[in-house]
Amino acid sequence: MFTVRNALAAVAAALTLTACDPQQGPESQDPAQSPSSAIADAAQDAVNRGSTGKLDPLFDQAAGEFNVPADLLKAISFAETRWQMVRGEQEFEGMPAAFGVMALRGEALERGAALAGVSAEAVRTDALANIRAAAALLSAHADELKVDRADLGAWAPAVARLSGIENTDAQAEHVHKGVYATLRDGVVAEDADGKVIAAIMPTPVEAKFALPSLHALAAGPDYAGSIWRASPNYNARPAGTDIWMIVIHTCEGNYSGCWSWLTNSAAGASAHYVVNESGSEISQLVAESNRAWHVAASYSCSLNGSVNCGQNGVSVNHFSVGIEHGGFASQTSFPAGQIDASARLSCDISRDRGVVRDSYHIVAHGRLQPNNRTDPGPNWPWSSYISKVQSYCGTTTTGLIIDSNNANNDTTKGYIEVSANWASSTNVGGYYGSGYYVAPTQAVSDPATFWFHMPAAGTKTIDAWWTAATDRSTAAPFIITNASGTKLATVNVNQQANGGKWNALGTWSFPAGWNKVQVSRWAPTGFQVVADAVRVR
C-alpha cells in the first residue's frame with residue numbers, strides 16, 4: 001500500500017497499488033484535481049530524503065531507452081491505472097482486456113511488445129516490460145506524427161493515439177483533463193514507510209491538441225449532476241417493467257475511453273451512467289426509463305440471496321440501471337471521490353425509482369454474470385458504499401453492518417476474523433452480501449468474531465443474519481463481549497429457522513472502543529453454525 005500526496009486537501013491520502021496484495025486499502029482522494037504548490041513541496045521533500053521509488057526507476061529506464069519524456073510516461077500511467085498493475089478482464093465485446101500499469105491491450109500490447117523486444121506475456125505480467133512496451137509504442141507514434149520531442153506539449157497527439165480512443169471529444173478529454181492535468185498538478189505516491197514509489201513534479205505545460213467541443217455539456221435527463229452523452233445502444237423496457245436494481249460495473253479502462261466506446265454503435269453495449277475516477281464528472285448515456293445493454297445474463301435469484309425469484313430467467317437489463325466506473329476489477333482500492341459521487345448517484349436513482357438500498361438491490365455485475373465477469377472486483381467497499389447511499393438518502397437507521405467478507409466492510413469501523421476451520425460458502429441462498437462462513441459444531445469455541453468500533457459509549461441493539469437449512473445448529477451461540485473484555489451475554493439461536501433476514505439478539509450498553517460479537521462452534525455436535533453478518537444499531 002502507498003499514499004498519494006493530495007494538494008487539494010494538503011494531506012496524504014492512501015492508495016493501494018501493488019497487484020500482489022489483495023487487501024483493501026483506505027479510500028483515496030484523486031490527486032490530479034489539486035493546486036500544484038503542495039504537490040511541489042511534497043515532491044521536493046521526497047527528493048531531499050533521497051527516496052528512490054519502486055516505479056520511478058522503471059519509468060526512467062524506459063524513457064531513456066526509447067527517448068520519451070519520463071514524466072509523460074508516468075502521467076499516462078496515472079491517468080490509465082492510478083499506477084496500479086492491473087490484470088484486466090473484458091468488460092465490453094470488441095474491447096480487449098487491458099494489462100499492467102500502462103493498461104496496454106489488444107493489438108497495441110502486441111505491437112508494443114514487439115517494438116520493445118519482449119513477449120506479450122511479459123507485458124501482461126511484468127511492470128518493467130509493460131512500461132517499456134508503452135514507451136516503445138509512444139516513441140513509434142511520435143515518429144509517425146513527426147513530434148518535436150523537445151516540446152512536451154507537442155506530444156499530445158501521440159498520447160491520444162496511444163490511448164486507442166477514437167472519439168475526438170473523448171481523446172481531447174483524456175489528453176487535457178487526464179494526462180496533461182496530471183503533469184500540471186503533479187502527484188507523489190509513497191509506500192507505508194514513506195518511500196516514494198513514483199512522483200511527478202508540477203509542470204506548467206499545455207497540450208497542443210484541440211479542446212473538447214461544447215455540444216456534449218447539456219445535463220443528463222435524469223441526473224442534474226451528469227453530462228448527457230447519448231448512446232444509440234438501448235431499447236425500450238418491456239411495458240409495465242419496474243426498475244428494482246442498480247448494477248455496479250467497472251469499465252476495465254479509463255473514463256474517457258469508457259463513455260466514448262459505449263456511445264459508439266459498433267460497441268453493441270451501453271450503461272445508463274459512467275463515473276470518472278475522481279468523481280468530478282459523470283456521463284449519462286441512456287435515459288433511466290430505457291433499457292441499457294450492460295448485463296449479458298438472465299436473472300437467477302440463486303446468485304442473489306434468493307431475492308425476487310419470480311424474476312428468474314428475465315434479462316437483468318429489463319429491470320436494472322447500470323453504472324460504469326472508470327477503473328478495473330483487479331485494482332486494490334477505489335478513490336474516495338469516485339465512491340462518493342457514485343453513492344450520490346445511486347441515492348438519486350433509488351429515490352426516484354423506488355429501489356431498495358441494500359446489497360440485494362444494489363449489486364455487482366460479477367454477482368449476476370459470474371461465468372465471465374468479476375467487476376467491480378473484491379475491493380469495491382460495499383458496506384461503506386451502501387451506507388453512503390443510505391446516508392445521502394436520509395436512511396441512516398440501518399446502523400453499522402459487518403459482513404463476513406471484509407472487502408464489503410469499512411474496516412476502520414468493523415471487520416470479521418475467522419480461523420482456517422471456517423469455510424466460505426454460498427451454497428445456501430439468503431445470505432447477506434457476497435456469502436457467509438460455516439463451520440461444524442464441536443466442543444471448542446474457535447469463534448468467528450465480528451468486531452465493531454464504538455467512538456463513544458452508548459446503548460446498541462445487535463442483530464444477526466444467517467442462512468437457514470436443516471443441517472444448522474438449533475443452539476448456535478452468539479457471545480456478546482464489550483471493549484473491556486466483559487462478556488455481556490450468550491444468546492443461543494436456532495439457525496434452522498429465520499434465515500435470510502435480520503434477527504435481534506438483544507440490546508446492551510457498550511463502552512467506547514472495539515467490542516465484539518462472536519459466533520461460537522461450541523454447541524451439540526452433528527450440525528453447522530453460520531457466521532454471515534451482524535448489525536449494530
# chains A, B, ... in the order shown; residues from 1 in each chain; ligands from 1
$ closest_atom_pairs --of "segment 83-118 of chain A" --to "segment 241-250 of chain A" --cutoff "12 Å" --atoms "only C-alpha atoms" --output "Markdown table"
| residue | atom | partner | partner_atom | distance |
| --- | --- | --- | --- | --- |
| A:Gly88 | CA | A:Thr250 | CA | 10.3 |
| A:Glu89 | CA | A:Thr250 | CA | 10.0 |
| A:Gln90 | CA | A:Thr250 | CA | 10.3 |
| A:Glu91 | CA | A:Thr250 | CA | 7.7 |
| A:Phe92 | CA | A:Thr250 | CA | 10.5 |
$ residues_around --residues "segment 406-414 of chain A" --least-positions-apart "3" --cutoff "12 Å" --atoms "only C-alpha atoms" --output "PyMOL selection string"
chain A and resi 22-27+332-334+359+363-364+376-388+399-403+417-418+432-437+449-455+513-517+532-536
$ write_last_selection --atoms "C-alpha atoms" --output "PDB file, in the first residue's frame"
ATOM      1  CA  PRO A  22      -5.361  -8.095  -2.307  1.00  0.00           C
ATOM      2  CA  GLN A  23      -6.034  -6.264   0.949  1.00  0.00           C
ATOM      3  CA  GLN A  24      -8.397  -3.350   0.778  1.00  0.00           C
ATOM      4  CA  GLY A  25      -6.633  -0.068   1.457  1.00  0.00           C
ATOM      5  CA  PRO A  26      -8.122   3.194   2.673  1.00  0.00           C
ATOM      6  CA  GLU A  27     -10.072   5.128   0.059  1.00  0.00           C
ATOM      7  CA  THR A 332      -6.861  -2.787  -4.904  1.00  0.00           C
ATOM      8  CA  SER A 333      -8.720   0.383  -3.908  1.00  0.00           C
ATOM      9  CA  PHE A 334     -11.071   2.976  -5.343  1.00  0.00           C
ATOM     10  CA  SER A 359     -26.831  -5.375  -1.135  1.00  0.00           C
ATOM     11  CA  VAL A 363     -25.489  -5.384  -6.884  1.00  0.00           C
ATOM     12  CA  ALA A 364     -22.138  -6.210  -8.504  1.00  0.00           C
ATOM     13  CA  PRO A 376     -16.304  -4.256  -9.704  1.00  0.00           C
ATOM     14  CA  GLY A 377     -13.948  -6.727  -8.031  1.00  0.00           C
ATOM     15  CA  PRO A 378     -13.227  -7.869  -4.479  1.00  0.00           C
ATOM     16  CA  ASN A 379     -12.081  -4.455  -3.238  1.00  0.00           C
ATOM     17  CA  TRP A 380     -15.157  -2.398  -4.001  1.00  0.00           C
ATOM     18  CA  PRO A 381     -16.102  -1.115  -0.487  1.00  0.00           C
ATOM     19  CA  TRP A 382     -19.642  -2.461  -0.416  1.00  0.00           C
ATOM     20  CA  SER A 383     -20.555  -1.817   3.204  1.00  0.00           C
ATOM     21  CA  SER A 384     -19.378   1.787   3.247  1.00  0.00           C
ATOM     22  CA  TYR A 385     -20.789   2.355  -0.246  1.00  0.00           C
ATOM     23  CA  ILE A 386     -24.300   1.266   0.656  1.00  0.00           C
ATOM     24  CA  SER A 387     -24.037   3.174   3.939  1.00  0.00           C
ATOM     25  CA  LYS A 388     -23.215   6.294   1.930  1.00  0.00           C
ATOM     26  CA  GLY A 399     -26.800   1.029  11.542  1.00  0.00           C
ATOM     27  CA  LEU A 400     -23.355  -0.449  11.085  1.00  0.00           C
ATOM     28  CA  ILE A 401     -23.286  -3.764   9.208  1.00  0.00           C
ATOM     29  CA  ILE A 402     -20.261  -6.056   9.499  1.00  0.00           C
ATOM     30  CA  ASP A 403     -20.257  -8.588   6.670  1.00  0.00           C
ATOM     31  CA  GLU A 417     -11.848 -12.574  11.991  1.00  0.00           C
ATOM     32  CA  VAL A 418     -12.086 -16.352  11.472  1.00  0.00           C
ATOM     33  CA  TYR A 432     -26.154 -11.169   3.227  1.00  0.00           C
ATOM     34  CA  GLY A 433     -23.587  -9.536   0.920  1.00  0.00           C
ATOM     35  CA  SER A 434     -21.452 -11.959  -1.088  1.00  0.00           C
ATOM     36  CA  GLY A 435     -21.544 -15.157   1.022  1.00  0.00           C
ATOM     37  CA  TYR A 436     -21.035 -16.471   4.541  1.00  0.00           C
ATOM     38  CA  TYR A 437     -18.773 -18.591   6.743  1.00  0.00           C
ATOM     39  CA  THR A 449     -15.504 -12.744  15.586  1.00  0.00           C
ATOM     40  CA  PHE A 450     -17.358  -9.673  14.332  1.00  0.00           C
ATOM     41  CA  TRP A 451     -15.529  -6.605  15.690  1.00  0.00           C
ATOM     42  CA  PHE A 452     -17.255  -3.208  15.800  1.00  0.00           C
ATOM     43  CA  HIS A 453     -15.863   0.120  16.963  1.00  0.00           C
ATOM     44  CA  MET A 454     -17.775   2.479  19.224  1.00  0.00           C
ATOM     45  CA  PRO A 455     -16.375   6.038  19.038  1.00  0.00           C
ATOM     46  CA  GLY A 513     -13.550   1.063  21.725  1.00  0.00           C
ATOM     47  CA  TRP A 514     -13.598  -2.284  19.934  1.00  0.00           C
ATOM     48  CA  ASN A 515     -16.476  -4.505  21.060  1.00  0.00           C
ATOM     49  CA  LYS A 516     -17.288  -7.882  19.562  1.00  0.00           C
ATOM     50  CA  VAL A 517     -19.935 -10.430  18.682  1.00  0.00           C
ATOM     51  CA  ASP A 532     -22.941 -14.294   7.891  1.00  0.00           C
ATOM     52  CA  ALA A 533     -23.428 -10.695   9.067  1.00  0.00           C
ATOM     53  CA  VAL A 534     -24.001  -8.661  12.223  1.00  0.00           C
ATOM     54  CA  ARG A 535     -25.759  -5.301  12.501  1.00  0.00           C
ATOM     55  CA  VAL A 536     -25.185  -2.730  15.253  1.00  0.00           C
TER      56      VAL A 536
END
$ select_by_dssp --residues "segment 344-470 of chain A" --states "alpha helix (DSSP H)" --output "number ranges by chain"
A: 344-353, 365-368, 382-392
$ select_by_dssp --residues "segment 371-533 of chain A" --states "strand (DSSP E)" --output "number ranges by chain"
A: 400-403, 414-417, 423-425, 436-440, 448-454, 458-465, 476-481, 487-493, 502-510, 513-519, 528-531, 533
$ atom_distance --atom1 "atom CA of Lys177 of chain A" --atom2 "atom CA of Ala219 of chain A"
18.9 Å
$ closest_residue --among "A:Asp471, A:Asp151, A:Glu110, A:Asp169" --to "Ser213 of chain A" --atoms "only C-alpha atoms"
A:Asp169
$ residues_around --residues "Gly94 of chain A" --least-positions-apart "2" --cutoff "12 Å" --atoms "only C-alpha atoms" --output "PyMOL selection string"
chain A and resi 90-92+96-97+105-107+261-262+264-269
$ closest_residue --among "A:Cys393, A:Ala70, A:Val519, A:Val123" --to "Gly354 of chain A" --atoms "only C-alpha atoms"
A:Cys393
$ residues_around --residues "segment 480-482 of chain A" --least-positions-apart "2" --cutoff "7 Å" --atoms "only C-alpha atoms" --output "number ranges by chain"
A: 478, 484-490, 510-511, 515-518
$ write_last_selection --atoms "N, CA and C atoms" --output "compact mmCIF listing (two decimals), in the first residue's frame"
# COMPACT_ATOMS: atom_id res chain seq x y z
N PHE A 478 -24.17 -17.06 20.14
CA PHE A 478 -23.66 -15.73 19.82
C PHE A 478 -23.22 -15.09 21.15
N SER A 484 -14.06 -3.83 27.19
CA SER A 484 -13.28 -4.09 28.40
C SER A 484 -13.01 -5.57 28.61
N GLY A 485 -13.56 -6.41 27.72
CA GLY A 485 -13.37 -7.86 27.84
C GLY A 485 -14.43 -8.54 28.67
N THR A 486 -15.46 -7.81 29.06
CA THR A 486 -16.54 -8.39 29.86
C THR A 486 -17.59 -9.03 28.97
N LYS A 487 -17.90 -10.31 29.23
CA LYS A 487 -18.95 -10.97 28.47
C LYS A 487 -20.30 -10.48 28.96
N LEU A 488 -21.09 -9.91 28.05
CA LEU A 488 -22.39 -9.36 28.42
C LEU A 488 -23.50 -10.39 28.32
N ALA A 489 -23.37 -11.33 27.38
CA ALA A 489 -24.44 -12.33 27.22
C ALA A 489 -23.99 -13.40 26.24
N THR A 490 -24.61 -14.56 26.34
CA THR A 490 -24.55 -15.58 25.28
C THR A 490 -25.97 -15.85 24.85
N PHE A 510 -22.52 -0.45 25.59
CA PHE A 510 -21.14 -0.72 25.22
C PHE A 510 -20.27 0.50 25.49
N PRO A 511 -19.04 0.28 25.95
CA PRO A 511 -18.12 1.41 26.11
C PRO A 511 -17.49 1.77 24.77
N ASN A 515 -15.63 -3.49 20.47
CA ASN A 515 -16.48 -4.51 21.06
C ASN A 515 -16.63 -5.65 20.06
N LYS A 516 -17.23 -6.76 20.49
CA LYS A 516 -17.29 -7.88 19.56
C LYS A 516 -18.51 -8.75 19.79
N VAL A 517 -18.91 -9.39 18.68
CA VAL A 517 -19.94 -10.43 18.68
C VAL A 517 -19.29 -11.67 18.09
N GLN A 518 -19.30 -12.78 18.83
CA GLN A 518 -18.64 -13.99 18.36
C GLN A 518 -19.66 -15.11 18.14
$ residues_around --residues "Glu206 of chain A" --least-positions-apart "5" --cutoff "12 Å" --atoms "only C-alpha atoms" --output "number ranges by chain"
A: 151-156, 175-177, 179-185, 211
$ write_last_selection --atoms "all heavy atoms" --output "short mmCIF file (atom, residue, chain, number, x, y, z; two decimals), in the first residue's frame"
data_model
loop_
_atom_site.label_atom_id
_atom_site.label_comp_id
_atom_site.auth_asym_id
_atom_site.auth_seq_id
_atom_site.Cartn_x
_atom_site.Cartn_y
_atom_site.Cartn_z
N ASP A 151 9.53 19.30 -27.11
CA ASP A 151 8.37 20.10 -26.73
C ASP A 151 7.34 19.18 -26.07
O ASP A 151 6.66 18.40 -26.75
CB ASP A 151 7.79 20.77 -27.98
CG ASP A 151 6.62 21.70 -27.66
OD1 ASP A 151 6.11 21.67 -26.52
OD2 ASP A 151 6.20 22.44 -28.57
N LEU A 152 7.20 19.26 -24.74
CA LEU A 152 6.32 18.35 -24.01
C LEU A 152 4.87 18.47 -24.48
O LEU A 152 4.17 17.47 -24.61
CB LEU A 152 6.42 18.63 -22.51
CG LEU A 152 5.71 17.66 -21.55
CD1 LEU A 152 6.20 16.23 -21.76
CD2 LEU A 152 5.92 18.09 -20.11
N GLY A 153 4.43 19.69 -24.75
CA GLY A 153 3.05 19.88 -25.21
C GLY A 153 2.80 19.27 -26.57
O GLY A 153 1.66 18.87 -26.88
N ALA A 154 3.85 19.16 -27.39
CA ALA A 154 3.69 18.64 -28.75
C ALA A 154 3.48 17.13 -28.77
O ALA A 154 3.12 16.56 -29.81
CB ALA A 154 4.92 19.00 -29.59
N TRP A 155 3.70 16.46 -27.64
CA TRP A 155 3.48 15.02 -27.56
C TRP A 155 2.00 14.65 -27.50
O TRP A 155 1.65 13.48 -27.59
CB TRP A 155 4.19 14.45 -26.34
CG TRP A 155 5.67 14.28 -26.50
CD1 TRP A 155 6.63 15.23 -26.31
CD2 TRP A 155 6.35 13.09 -26.88
NE1 TRP A 155 7.88 14.70 -26.55
CE2 TRP A 155 7.74 13.38 -26.89
CE3 TRP A 155 5.95 11.79 -27.20
CZ2 TRP A 155 8.70 12.43 -27.22
CZ3 TRP A 155 6.89 10.85 -27.52
CH2 TRP A 155 8.26 11.16 -27.54
N ALA A 156 1.11 15.62 -27.33
CA ALA A 156 -0.30 15.32 -27.11
C ALA A 156 -0.93 14.44 -28.19
O ALA A 156 -1.67 13.49 -27.85
CB ALA A 156 -1.08 16.62 -26.95
N VAL A 175 -6.64 13.66 -23.00
CA VAL A 175 -5.38 14.41 -23.09
C VAL A 175 -5.36 15.58 -22.12
O VAL A 175 -4.43 15.74 -21.32
CB VAL A 175 -5.15 14.89 -24.54
CG1 VAL A 175 -4.03 15.93 -24.59
CG2 VAL A 175 -4.84 13.71 -25.45
N HIS A 176 -6.39 16.42 -22.17
CA HIS A 176 -6.39 17.67 -21.40
C HIS A 176 -6.71 17.45 -19.92
O HIS A 176 -6.02 17.98 -19.04
CB HIS A 176 -7.38 18.67 -22.00
CG HIS A 176 -6.94 19.24 -23.30
ND1 HIS A 176 -5.97 20.22 -23.41
CD2 HIS A 176 -7.33 18.97 -24.58
CE1 HIS A 176 -5.79 20.54 -24.68
NE2 HIS A 176 -6.60 19.80 -25.42
N LYS A 177 -7.81 16.69 -19.64
CA LYS A 177 -8.26 16.55 -18.25
C LYS A 177 -7.58 15.39 -17.53
O LYS A 177 -7.62 15.32 -16.31
CB LYS A 177 -9.77 16.33 -18.21
CG LYS A 177 -10.58 17.52 -18.70
CD LYS A 177 -12.07 17.24 -18.56
CE LYS A 177 -12.91 18.40 -19.02
NZ LYS A 177 -14.37 18.13 -18.89
N VAL A 179 -4.16 13.26 -18.78
CA VAL A 179 -2.70 13.20 -18.81
C VAL A 179 -2.06 14.55 -18.51
O VAL A 179 -1.21 14.67 -17.62
CB VAL A 179 -2.22 12.65 -20.17
CG1 VAL A 179 -0.69 12.67 -20.23
CG2 VAL A 179 -2.75 11.23 -20.37
N TYR A 180 -2.46 15.59 -19.24
CA TYR A 180 -1.78 16.88 -19.06
C TYR A 180 -2.20 17.59 -17.78
O TYR A 180 -1.43 18.37 -17.21
CB TYR A 180 -1.96 17.76 -20.30
CG TYR A 180 -0.97 17.39 -21.39
CD1 TYR A 180 -1.16 16.28 -22.20
CD2 TYR A 180 0.20 18.12 -21.56
CE1 TYR A 180 -0.24 15.91 -23.17
CE2 TYR A 180 1.14 17.77 -22.53
CZ TYR A 180 0.91 16.67 -23.33
OH TYR A 180 1.85 16.31 -24.28
N ALA A 181 -3.40 17.31 -17.27
CA ALA A 181 -3.77 17.85 -15.95
C ALA A 181 -2.89 17.24 -14.87
O ALA A 181 -2.49 17.92 -13.92
CB ALA A 181 -5.24 17.56 -15.66
N THR A 182 -2.57 15.95 -15.02
CA THR A 182 -1.67 15.30 -14.06
C THR A 182 -0.28 15.92 -14.12
O THR A 182 0.36 16.14 -13.08
CB THR A 182 -1.60 13.79 -14.35
OG1 THR A 182 -2.92 13.24 -14.23
CG2 THR A 182 -0.68 13.09 -13.36
N LEU A 183 0.21 16.22 -15.33
CA LEU A 183 1.51 16.87 -15.46
C LEU A 183 1.51 18.24 -14.80
O LEU A 183 2.46 18.62 -14.11
CB LEU A 183 1.87 17.02 -16.95
CG LEU A 183 2.33 15.75 -17.67
CD1 LEU A 183 2.37 16.00 -19.17
CD2 LEU A 183 3.70 15.30 -17.17
N ARG A 184 0.44 18.99 -15.00
CA ARG A 184 0.39 20.35 -14.42
C ARG A 184 0.27 20.33 -12.91
O ARG A 184 0.89 21.12 -12.20
CB ARG A 184 -0.79 21.13 -15.02
CG ARG A 184 -0.58 21.58 -16.46
CD ARG A 184 -1.66 22.55 -16.88
NE ARG A 184 -2.98 21.95 -16.83
CZ ARG A 184 -3.53 21.27 -17.83
NH1 ARG A 184 -2.85 21.08 -18.96
NH2 ARG A 184 -4.75 20.77 -17.72
N ASP A 185 -0.53 19.41 -12.38
CA ASP A 185 -0.79 19.39 -10.95
C ASP A 185 0.25 18.61 -10.17
O ASP A 185 0.50 18.90 -9.00
CB ASP A 185 -2.17 18.80 -10.66
CG ASP A 185 -3.30 19.67 -11.18
OD1 ASP A 185 -3.09 20.88 -11.35
OD2 ASP A 185 -4.39 19.13 -11.43
N LEU A 211 -9.27 21.30 -28.08
CA LEU A 211 -10.06 21.16 -26.87
C LEU A 211 -11.36 20.41 -27.17
O LEU A 211 -11.82 20.39 -28.33
CB LEU A 211 -10.40 22.53 -26.30
CG LEU A 211 -9.21 23.32 -25.72
CD1 LEU A 211 -9.63 24.76 -25.46
CD2 LEU A 211 -8.72 22.67 -24.45
#
$ residues_around --residues "segment 325-329 of chain A" --least-positions-apart "3" --cutoff "7 Å" --atoms "only C-alpha atoms" --output "number ranges by chain"
A: 81, 86, 88, 249-255, 274-277, 374-377
